[in-house]
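S.K.: Coordinates in final-v5.cif, mmCIF, C-alpha atoms and all ligand atoms, are listed below.
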```
data_target
loop_
_atom_site.label_atom_id
_atom_site.label_comp_id
_atom_site.auth_asym_id
_atom_site.auth_seq_id
_atom_site.Cartn_x
_atom_site.Cartn_y
_atom_site.Cartn_z
CA MET A 298 -36.37 50.71 -19.99
CA PHE A 299 -38.94 48.50 -21.74
CA PHE A 300 -41.55 45.91 -20.96
CA LYS A 301 -41.42 42.20 -21.49
CA LYS A 302 -43.86 39.39 -20.78
CA LYS A 303 -42.97 37.25 -17.78
CA GLU A 304 -44.86 35.54 -14.97
CA LYS A 305 -46.81 38.75 -14.34
CA GLU A 306 -48.83 40.56 -17.02
CA THR A 307 -46.01 43.03 -17.59
CA VAL A 308 -42.65 43.25 -15.90
CA VAL A 309 -40.37 46.23 -16.10
CA THR A 310 -36.73 45.76 -16.85
CA VAL A 311 -34.07 48.36 -16.33
CA ASP A 312 -31.07 49.61 -18.28
CA ASP A 313 -27.79 51.16 -17.15
CA ARG A 314 -29.51 54.28 -15.85
CA LEU A 315 -30.82 52.28 -12.90
CA LYS A 316 -28.00 50.15 -11.60
CA HIS A 317 -28.43 50.63 -7.88
CA ILE A 318 -31.51 50.82 -5.65
CA ALA A 319 -31.33 51.29 -1.88
CA PHE A 320 -34.10 50.63 0.65
CA ILE A 321 -34.85 51.94 4.13
CA MET A 322 -37.29 49.25 5.20
CA ASP A 323 -39.40 51.16 7.70
CA GLY A 324 -42.74 50.24 9.19
CA ASN A 325 -42.23 46.69 10.46
CA GLY A 326 -43.19 47.54 14.03
CA ARG A 327 -46.35 49.43 13.01
CA TRP A 328 -47.34 46.62 10.64
CA ALA A 329 -47.28 44.16 13.55
CA GLN A 330 -48.96 46.53 16.00
CA LYS A 331 -51.81 47.16 13.56
CA LYS A 332 -52.43 43.42 13.63
CA GLY A 333 -52.22 43.27 17.43
CA LEU A 334 -48.93 41.36 17.24
CA PRO A 335 -45.60 42.01 19.00
CA ARG A 336 -43.13 44.10 16.96
CA GLU A 337 -40.89 41.07 16.35
CA TYR A 338 -43.54 39.60 14.06
CA GLY A 339 -43.24 42.70 11.92
CA HIS A 340 -39.50 42.15 11.54
CA ALA A 341 -40.07 38.50 10.61
CA ALA A 342 -42.57 39.61 7.94
CA GLY A 343 -40.12 42.34 6.90
CA ALA A 344 -37.33 39.81 6.43
CA LYS A 345 -39.59 37.76 4.11
CA THR A 346 -40.46 40.86 2.11
CA PHE A 347 -36.80 41.75 1.84
CA LYS A 348 -35.91 38.36 0.30
CA LYS A 349 -38.71 38.66 -2.25
CA ILE A 350 -37.90 42.27 -3.15
CA ALA A 351 -34.11 41.78 -3.41
CA LEU A 352 -34.49 38.82 -5.77
CA TYR A 353 -37.11 40.64 -7.84
CA CYS A 354 -34.79 43.62 -8.24
CA GLY A 355 -32.16 41.20 -9.55
CA ASP A 356 -34.72 39.62 -11.92
CA ILE A 357 -35.55 42.94 -13.54
CA GLY A 358 -31.89 43.71 -14.13
CA ILE A 359 -30.87 45.89 -11.20
CA LYS A 360 -27.24 45.09 -10.38
CA TYR A 361 -26.88 46.57 -6.89
CA VAL A 362 -29.34 46.51 -4.00
CA THR A 363 -28.52 48.09 -0.66
CA ILE A 364 -30.70 47.42 2.35
CA TYR A 365 -30.72 49.15 5.74
CA ALA A 366 -31.23 46.22 8.09
CA PHE A 367 -29.79 47.53 11.35
CA SER A 368 -28.34 50.94 12.21
CA THR A 369 -25.75 51.91 14.82
CA GLU A 370 -28.68 53.51 16.68
CA ASN A 371 -30.95 50.44 16.60
CA TRP A 372 -29.12 48.90 19.60
CA LYS A 373 -31.14 51.36 21.72
CA ARG A 374 -34.29 49.28 21.08
CA PRO A 375 -35.65 46.89 23.72
CA GLU A 376 -33.39 43.85 24.21
CA ARG A 377 -36.12 41.46 23.13
CA GLU A 378 -36.53 43.24 19.79
CA VAL A 379 -32.76 43.42 19.15
CA LYS A 380 -32.44 39.70 19.94
CA ALA A 381 -35.26 38.87 17.53
CA ILE A 382 -33.61 40.87 14.72
CA MET A 383 -30.23 39.16 15.38
CA LYS A 384 -31.93 35.75 15.20
CA LEU A 385 -33.55 36.71 11.87
CA LEU A 386 -30.18 37.87 10.61
CA SER A 387 -28.47 34.65 11.69
CA ASP A 388 -31.18 32.50 10.05
CA TYR A 389 -30.94 34.59 6.92
CA LEU A 390 -27.17 34.09 6.73
CA ASP A 391 -27.64 30.31 6.90
CA GLU A 392 -30.32 30.42 4.23
CA ALA A 393 -28.27 32.68 1.95
CA LEU A 394 -25.32 30.28 2.15
CA ARG A 395 -27.57 27.30 1.39
CA ASP A 396 -29.16 29.06 -1.62
CA LEU A 397 -25.95 30.60 -2.92
CA ASP A 398 -25.97 28.85 -6.30
CA LYS A 399 -29.70 29.26 -6.80
CA ASN A 400 -29.86 32.99 -6.09
CA ASN A 401 -26.75 34.26 -7.87
CA VAL A 402 -26.14 37.02 -5.30
CA ARG A 403 -22.89 38.54 -4.07
CA TYR A 404 -23.17 39.54 -0.40
CA ILE A 405 -21.36 42.48 1.14
CA PHE A 406 -22.05 43.43 4.75
CA ILE A 407 -21.61 47.16 5.17
CA GLY A 408 -21.18 48.58 8.66
CA ASP A 409 -18.95 47.86 11.63
CA LYS A 410 -19.06 44.08 12.04
CA GLY A 411 -16.73 44.24 15.06
CA ILE A 412 -19.68 44.55 17.43
CA PHE A 413 -21.28 41.20 16.55
CA ASP A 414 -20.52 37.96 18.35
CA ASP A 415 -17.90 35.75 16.71
CA ARG A 416 -20.39 33.27 15.26
CA LEU A 417 -22.49 35.91 13.52
CA ARG A 418 -19.44 37.82 12.26
CA GLU A 419 -17.85 34.63 10.91
CA LYS A 420 -21.06 33.82 9.01
CA MET A 421 -20.99 37.27 7.38
CA LEU A 422 -17.30 37.10 6.51
CA ASN A 423 -17.71 33.60 5.10
CA LEU A 424 -20.68 34.60 2.94
CA GLU A 425 -18.71 37.57 1.60
CA LYS A 426 -15.80 35.29 0.78
CA VAL A 427 -17.71 32.49 -0.93
CA SER A 428 -20.28 34.55 -2.81
CA GLY A 429 -17.72 36.15 -5.21
CA SER A 430 -18.74 38.10 -8.29
CA LYS A 431 -22.41 37.67 -9.23
CA SER A 432 -25.08 39.39 -11.35
CA LEU A 433 -26.63 41.01 -8.25
CA THR A 434 -24.57 42.61 -5.47
CA LEU A 435 -26.43 42.93 -2.19
CA ASN A 436 -25.04 45.46 0.27
CA PHE A 437 -26.56 44.50 3.57
CA ALA A 438 -26.20 47.31 6.11
CA VAL A 439 -25.75 46.01 9.66
CA ASN A 440 -24.54 48.14 12.56
CA TYR A 441 -24.27 50.78 9.86
CA GLY A 442 -24.10 54.54 10.35
CA ALA A 443 -23.18 56.90 7.52
CA ARG A 444 -21.37 59.39 9.74
CA ASP A 445 -19.24 56.60 11.25
CA GLU A 446 -18.52 55.37 7.74
CA ILE A 447 -17.28 58.80 6.58
CA VAL A 448 -15.16 59.26 9.72
CA LYS A 449 -13.65 55.78 9.20
CA ALA A 450 -12.79 56.70 5.58
CA CYS A 451 -11.11 59.97 6.70
CA ARG A 452 -9.07 58.17 9.37
CA GLU A 453 -7.86 55.61 6.82
CA LEU A 454 -6.87 58.36 4.38
CA ILE A 455 -4.92 60.19 7.09
CA ARG A 456 -3.23 56.93 8.13
CA GLU A 457 -2.18 56.42 4.49
CA GLY A 458 -0.58 59.87 4.57
CA ASN A 459 -2.80 61.19 1.79
CA GLU A 460 -2.46 64.98 1.75
CA ASN A 461 -4.47 65.67 -1.37
CA ILE A 462 -7.74 63.97 -0.55
CA THR A 463 -10.30 63.92 -3.36
CA ALA A 464 -13.98 62.95 -3.32
CA ASP A 465 -13.07 59.77 -5.21
CA ASP A 466 -10.56 58.89 -2.48
CA VAL A 467 -13.31 59.18 0.12
CA SER A 468 -15.71 57.06 -1.97
CA ARG A 469 -13.04 54.37 -2.30
CA HIS A 470 -12.72 54.14 1.48
CA LEU A 471 -16.43 53.75 2.18
CA TYR A 472 -18.02 50.37 2.91
CA THR A 473 -19.75 50.69 -0.48
CA ALA A 474 -16.47 51.10 -2.42
CA LEU A 475 -17.39 48.23 -4.77
CA SER A 476 -20.78 49.71 -5.78
CA PRO A 477 -21.73 52.78 -7.81
CA ASP A 478 -23.69 55.44 -5.91
CA PRO A 479 -27.39 54.60 -5.50
CA ASP A 480 -29.61 55.88 -8.31
CA ILE A 481 -32.69 55.83 -6.12
CA ILE A 482 -33.31 55.51 -2.38
CA VAL A 483 -36.70 54.18 -1.32
CA ARG A 484 -38.11 54.64 2.17
CA THR A 485 -41.30 52.87 3.17
CA GLY A 486 -43.45 53.62 6.22
CA GLY A 487 -44.29 57.29 5.58
CA GLU A 488 -41.25 59.03 7.09
CA GLN A 489 -39.23 61.30 4.79
CA ARG A 490 -35.68 61.28 6.11
CA LEU A 491 -32.37 59.46 5.60
CA SER A 492 -31.70 58.47 9.23
CA ASN A 493 -27.91 58.31 8.83
CA PHE A 494 -28.09 56.10 5.71
CA LEU A 495 -25.69 56.54 2.75
CA LEU A 496 -25.21 60.27 3.42
CA TRP A 497 -22.20 60.58 1.11
CA GLN A 498 -23.45 58.22 -1.59
CA ALA A 499 -26.89 59.89 -1.76
CA SER A 500 -25.56 63.14 -3.26
CA TYR A 501 -27.34 62.66 -6.60
CA ALA A 502 -29.79 59.91 -5.70
CA GLU A 503 -33.47 60.22 -6.47
CA PHE A 504 -35.75 59.72 -3.47
CA TYR A 505 -38.98 57.77 -3.33
CA PHE A 506 -41.14 57.84 -0.22
CA THR A 507 -44.21 55.69 0.26
CA GLU A 508 -46.74 55.28 3.07
CA THR A 509 -46.72 51.52 2.46
CA LEU A 510 -45.30 49.67 5.46
CA TRP A 511 -42.25 47.59 4.52
CA PRO A 512 -43.82 44.12 5.01
CA ASP A 513 -46.57 45.12 2.54
CA LEU A 514 -44.20 46.24 -0.22
CA SER A 515 -44.90 44.18 -3.34
CA THR A 516 -43.17 43.52 -6.64
CA ASP A 517 -45.88 45.67 -8.28
CA ASP A 518 -44.70 48.53 -6.04
CA ILE A 519 -41.19 47.96 -7.38
CA ASP A 520 -42.53 48.26 -10.94
CA ASN A 521 -44.12 51.59 -9.96
CA ILE A 522 -40.90 52.80 -8.35
CA VAL A 523 -38.98 51.93 -11.54
CA LEU A 524 -41.54 53.80 -13.64
CA ALA A 525 -41.31 56.82 -11.32
CA PHE A 526 -37.51 56.73 -11.58
CA TYR A 527 -37.62 56.83 -15.38
CA GLY A 528 -39.94 59.84 -15.15
CA ARG A 529 -37.33 61.83 -13.21
CA ASP A 530 -35.07 64.36 -14.90
CA ARG A 531 -31.57 63.80 -13.48
CA ARG A 532 -29.60 66.91 -14.30
CA TYR A 533 -26.60 66.56 -11.92
CA GLY A 534 -26.42 70.34 -11.58
CA ARG A 535 -26.77 71.00 -15.32
CA ILE A 536 -29.76 72.72 -16.90
CA LYS A 537 -32.29 70.95 -19.07
CA GLU A 538 -31.14 70.71 -22.70
CA VAL A 539 -33.32 73.05 -24.82
CA PRO A 540 -33.47 72.29 -28.58
CA GLU A 541 -31.97 75.12 -30.74
CA ASP A 542 -35.36 76.03 -32.32
CA LYS A 543 -37.00 76.37 -28.86
CA LYS A 544 -34.37 78.83 -27.51
C1 LIG B 1 -37.50 49.46 10.69
O1 LIG B 1 -38.85 49.29 11.04
C2 LIG B 1 -36.82 48.16 10.66
C3 LIG B 1 -35.72 47.82 11.38
C4 LIG B 1 -35.06 48.78 12.28
C5 LIG B 1 -35.14 46.48 11.37
C6 LIG B 1 -35.34 45.72 10.09
C7 LIG B 1 -34.83 44.38 10.26
C8 LIG B 1 -35.31 43.27 9.67
C9 LIG B 1 -36.43 43.27 8.72
C10 LIG B 1 -34.71 41.97 9.99
C11 LIG B 1 -33.32 41.89 9.44
C12 LIG B 1 -33.08 40.66 8.80
C13 LIG B 1 -33.23 40.42 7.51
C14 LIG B 1 -32.96 39.08 7.06
C15 LIG B 1 -33.63 41.44 6.50
P1 LIG B 1 -39.37 49.83 12.45
O2 LIG B 1 -39.28 48.74 13.46
O3 LIG B 1 -38.63 51.08 12.81
O4 LIG B 1 -40.86 50.14 12.12
P2 LIG B 1 -41.82 51.20 12.88
O5 LIG B 1 -41.38 52.56 12.40
O6 LIG B 1 -43.16 50.82 12.37
O7 LIG B 1 -41.64 50.99 14.36
#
```
What would you get if you wrote out this structure as structure tokens?

M.R.:
Amino acid sequence: MFFKKKEKETVVTVDDRLKHIAFIMDGNGRWAQKKGLPREYGHAAGAKTFKKIALYCGDIGIKYVTIYAFSTENWKRPEREVKAIMKLLSDYLDEALRDLDKNNVRYIFIGDKGIFDDRLREKMLNLEKVSGSKSLTLNFAVNYGARDEIVKACRELIREGNENITADDVSRHLYTALSPDPDIIVRTGGEQRLSNFLLWQASYAEFYFTETLWPDLSTDDIDNIVLAFYGRDRRYGRIKEVPEDKK
């Protein structure tokens, strides 16, 4: 990791150690409520923040961004809120298609798309098809639940008649099969839990929790997250290397 001059005073860039960042964008509702606004306004602000943050991650060299937009449990929210999120999603899909060449993003929608109405599902499938291989892959989690994802993978492996299932086999049957495991998972909004997000893929991920509500997350915050990541000692079960003369 090093610094280079760009539009901001300093901008971090990343190397191969930080290929994949995942976000749980929590705090939209509280952001709106603090301003005396209905929760839907928080999601609209959150969607704007997401676009800015995803593109910035691509700018600094991150190759995979995964975003938790809607979980299998989020359907339990009031109908008005669910409708508002679906409208934001639909608008976003139109915008992403329009800006395809400009943004250089490959879109993958992770989760069970079967639940969405035909129009919305077609938009997702089309965007996946036309966006092809790009410098940034965006895994957009909609109607996503990690336990469902693991169960789906197991069912597929059984159906294939695989009797010697390995961890790699499972990984290859997850929605995220085309991405490496996340290097860091960021959750905004003060809670410190995974909420059924990337349970399998998170095995060796670093975690970063911040009180900042998602709509307030800035590109400077991303710089700080990157710096914090490079300060972590990722040992993957090994012990820290001790130089011979210090043993
Ligand atoms: C969590 O905040 C956020 C969600 C469950 C939905 C996030 C969805 C969007 C931002 C819109 C999706 C569309 C695009 C284009 C990204 P919360 O509502 O749980 O916040 P709270 O904890 O403050 O209530």

S.K.: With all atoms listed in the file counted, collect every polymer residue having an atom within 7 Å of ligand LIG 1 (chain B); state the result as an mmCIF file with C-alpha atoms, keeping the file's coordinate frame.

M.R.:
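As a result, out.cif now contains:
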```cif
data_model
loop_
_atom_site.group_PDB
_atom_site.id
_atom_site.type_symbol
_atom_site.label_atom_id
_atom_site.label_comp_id
_atom_site.auth_asym_id
_atom_site.auth_seq_id
_atom_site.Cartn_x
_atom_site.Cartn_y
_atom_site.Cartn_z
ATOM 1 C CA MET A 322 -37.290 49.250 5.200
ATOM 2 C CA ASP A 323 -39.400 51.160 7.700
ATOM 3 C CA GLY A 324 -42.740 50.240 9.190
ATOM 4 C CA ASN A 325 -42.230 46.690 10.460
ATOM 5 C CA GLY A 326 -43.190 47.540 14.030
ATOM 6 C CA ARG A 327 -46.350 49.430 13.010
ATOM 7 C CA TRP A 328 -47.340 46.620 10.640
ATOM 8 C CA ARG A 336 -43.130 44.100 16.960
ATOM 9 C CA HIS A 340 -39.500 42.150 11.540
ATOM 10 C CA ALA A 341 -40.070 38.500 10.610
ATOM 11 C CA GLY A 343 -40.120 42.340 6.900
ATOM 12 C CA ALA A 344 -37.330 39.810 6.430
ATOM 13 C CA PHE A 347 -36.800 41.750 1.840
ATOM 14 C CA ALA A 366 -31.230 46.220 8.090
ATOM 15 C CA PHE A 367 -29.790 47.530 11.350
ATOM 16 C CA ASN A 371 -30.950 50.440 16.600
ATOM 17 C CA ILE A 382 -33.610 40.870 14.720
ATOM 18 C CA LEU A 385 -33.550 36.710 11.870
ATOM 19 C CA LEU A 386 -30.180 37.870 10.610
ATOM 20 C CA TYR A 389 -30.940 34.590 6.920
ATOM 21 C CA GLY A 486 -43.450 53.620 6.220
#
```

S.K.: Rank nothing, just name the residue among A:Ile481, A:Val439, A:Leu422, A:Val427 nearest to A:Asp398, using only C-alpha atoms.

M.R.: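 Smallest separation from A:Asp398 among the options: A:Val427.
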
S.K.: Find the residues around stretch 404-412 of chain A up to 8 Å (only C-alpha atoms counted), leave out those fewer than 6 positions away in its own chain, and share them as an NGL selection string.

M.R.: :A and (418 or 421 or 424-425 or 428 or 434-442 or 446 or 472-473)

S.K.: Between A:Phe504, A:Phe320, A:Trp497, A:Tyr361, which one has atoms that come closest to A:Lys431, using all atoms listed in the file?

M.R.: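 Distance minimum relative to A:Lys431 lands on A:Tyr361.
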
S.K.: Output as AutoDock Vina command-line options the centre and edge lengths (Å, one decimal) of the box along x, y and z of the file that holds every listed atom of stretch 468-486 of chain A after adding 6 Å on each side.

M.R.:
```
--center_x -28.1 --center_y 52.6 --center_z -1.0 --size_x 42.7 --size_y 20.8 --size_z 26.5
```

S.K.: I need the residue nearest A:Val311 from this list: A:Leu524, A:Ile536, A:Gln498, A:Thr363. Use all atoms listed in the file for the distance.

M.R.: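 Of all the options, A:Leu524 lies closest to A:Val311.
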
S.K.: Between A:Asp415, A:Leu397, A:Lys349, A:Asp478, which residue has the minimum interatomic distance to A:Gly429, considering all atoms listed in the file?

M.R.: A:Leu397

S.K.: Determine, counting all atoms listed in the file, which protein, DNA and RNA residues have an atom within 9 Å of an atom of A:Ile318; residues of the same chain fewer than 6 positions away are not included. Present the result as a PDB file with C-alpha atoms, in the frame of the given file.

M.R.:
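The result, written out as out.pdb:
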```pdb
ATOM      1  CA  CYS A 354     -34.790  43.620  -8.240  1.00  0.00           C
ATOM      2  CA  ILE A 359     -30.870  45.890 -11.200  1.00  0.00           C
ATOM      3  CA  LYS A 360     -27.240  45.090 -10.380  1.00  0.00           C
ATOM      4  CA  TYR A 361     -26.880  46.570  -6.890  1.00  0.00           C
ATOM      5  CA  VAL A 362     -29.340  46.510  -4.000  1.00  0.00           C
ATOM      6  CA  THR A 363     -28.520  48.090  -0.660  1.00  0.00           C
ATOM      7  CA  ILE A 364     -30.700  47.420   2.350  1.00  0.00           C
ATOM      8  CA  PRO A 479     -27.390  54.600  -5.500  1.00  0.00           C
ATOM      9  CA  ASP A 480     -29.610  55.880  -8.310  1.00  0.00           C
ATOM     10  CA  ILE A 481     -32.690  55.830  -6.120  1.00  0.00           C
ATOM     11  CA  ILE A 482     -33.310  55.510  -2.380  1.00  0.00           C
ATOM     12  CA  VAL A 483     -36.700  54.180  -1.320  1.00  0.00           C
TER      13      VAL A 483
END
```

S.K.: Of the candidates A:Glu376, A:Glu538, A:Asp391, A:Asp517, which shows the shortest atom-to-atom distance to A:Asn423, using only C-alpha atoms?

M.R.: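 Smallest distance to A:Asn423 is found for A:Asp391.
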
S.K.: Go ahead and compute the interatomic distance for atom CA of A:Glu508 and atom CA of A:Arg374, in Å to one decimal.

M.R.: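 According to the coordinates, atom CA of A:Glu508 and atom CA of A:Arg374 are separated by 22.7 Å.
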
S.K.: Grab the atom CA of A:Ser492 to atom CA of A:Asp513 distance for me, in Å with one decimal place.

M.R.: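 These atoms are spaced 21.1 Å apart.
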
S.K.: Since the input has fewer atoms than a full residue there, write stretch 362-383 of chain A out with N, CA, C and O atoms, as a compact mmCIF listing (two decimals), in the frame of the given file.

M.R.:
```
# COMPACT_ATOMS: atom_id res chain seq x y z
N VAL A 362 -28.28 46.20 -4.96
CA VAL A 362 -29.34 46.51 -4.00
C VAL A 362 -28.68 46.74 -2.64
O VAL A 362 -27.85 45.94 -2.23
N THR A 363 -29.04 47.84 -2.01
CA THR A 363 -28.52 48.09 -0.66
C THR A 363 -29.71 48.18 0.29
O THR A 363 -30.72 48.82 -0.02
N ILE A 364 -29.57 47.51 1.42
CA ILE A 364 -30.70 47.42 2.35
C ILE A 364 -30.24 47.82 3.75
O ILE A 364 -29.16 47.42 4.18
N TYR A 365 -31.05 48.67 4.40
CA TYR A 365 -30.72 49.15 5.74
C TYR A 365 -31.38 48.21 6.73
O TYR A 365 -32.56 48.36 7.04
N ALA A 366 -30.62 47.23 7.21
CA ALA A 366 -31.23 46.22 8.09
C ALA A 366 -31.11 46.59 9.56
O ALA A 366 -31.99 46.30 10.35
N PHE A 367 -29.99 47.23 9.92
CA PHE A 367 -29.79 47.53 11.35
C PHE A 367 -28.79 48.67 11.47
O PHE A 367 -27.66 48.59 10.99
N SER A 368 -29.21 49.76 12.13
CA SER A 368 -28.34 50.94 12.21
C SER A 368 -27.54 50.92 13.52
O SER A 368 -27.86 50.15 14.45
N THR A 369 -26.54 51.80 13.58
CA THR A 369 -25.75 51.91 14.82
C THR A 369 -26.63 52.39 15.97
O THR A 369 -26.29 52.19 17.13
N GLU A 370 -27.78 53.00 15.64
CA GLU A 370 -28.68 53.51 16.68
C GLU A 370 -29.71 52.46 17.11
O GLU A 370 -30.33 52.59 18.16
N ASN A 371 -29.90 51.42 16.29
CA ASN A 371 -30.95 50.44 16.60
C ASN A 371 -30.66 49.60 17.85
O ASN A 371 -31.56 48.96 18.39
N TRP A 372 -29.42 49.63 18.35
CA TRP A 372 -29.12 48.90 19.60
C TRP A 372 -29.90 49.48 20.77
O TRP A 372 -30.02 48.84 21.81
N LYS A 373 -30.40 50.72 20.61
CA LYS A 373 -31.14 51.36 21.72
C LYS A 373 -32.55 50.78 21.86
O LYS A 373 -33.29 51.17 22.75
N ARG A 374 -32.94 49.88 20.99
CA ARG A 374 -34.29 49.28 21.08
C ARG A 374 -34.34 48.25 22.21
O ARG A 374 -33.29 47.80 22.67
N PRO A 375 -35.55 47.88 22.64
CA PRO A 375 -35.65 46.89 23.72
C PRO A 375 -34.87 45.62 23.37
O PRO A 375 -34.84 45.20 22.20
N GLU A 376 -34.26 45.01 24.41
CA GLU A 376 -33.39 43.85 24.21
C GLU A 376 -34.09 42.74 23.44
O GLU A 376 -33.52 42.11 22.55
N ARG A 377 -35.36 42.53 23.77
CA ARG A 377 -36.12 41.46 23.13
C ARG A 377 -36.21 41.66 21.61
O ARG A 377 -36.08 40.73 20.83
N GLU A 378 -36.42 42.93 21.23
CA GLU A 378 -36.53 43.24 19.79
C GLU A 378 -35.16 43.07 19.09
O GLU A 378 -35.07 42.50 18.00
N VAL A 379 -34.10 43.55 19.74
CA VAL A 379 -32.76 43.42 19.15
C VAL A 379 -32.43 41.95 18.98
O VAL A 379 -31.95 41.52 17.91
N LYS A 380 -32.72 41.14 20.01
CA LYS A 380 -32.44 39.70 19.94
C LYS A 380 -33.18 39.05 18.77
O LYS A 380 -32.62 38.23 18.04
N ALA A 381 -34.44 39.45 18.61
CA ALA A 381 -35.26 38.87 17.53
C ALA A 381 -34.66 39.22 16.17
O ALA A 381 -34.59 38.37 15.26
N ILE A 382 -34.20 40.45 16.01
CA ILE A 382 -33.61 40.87 14.72
C ILE A 382 -32.31 40.09 14.48
O ILE A 382 -32.05 39.63 13.36
N MET A 383 -31.49 39.91 15.54
CA MET A 383 -30.23 39.16 15.38
C MET A 383 -30.50 37.70 14.99
O MET A 383 -29.77 37.11 14.20
```
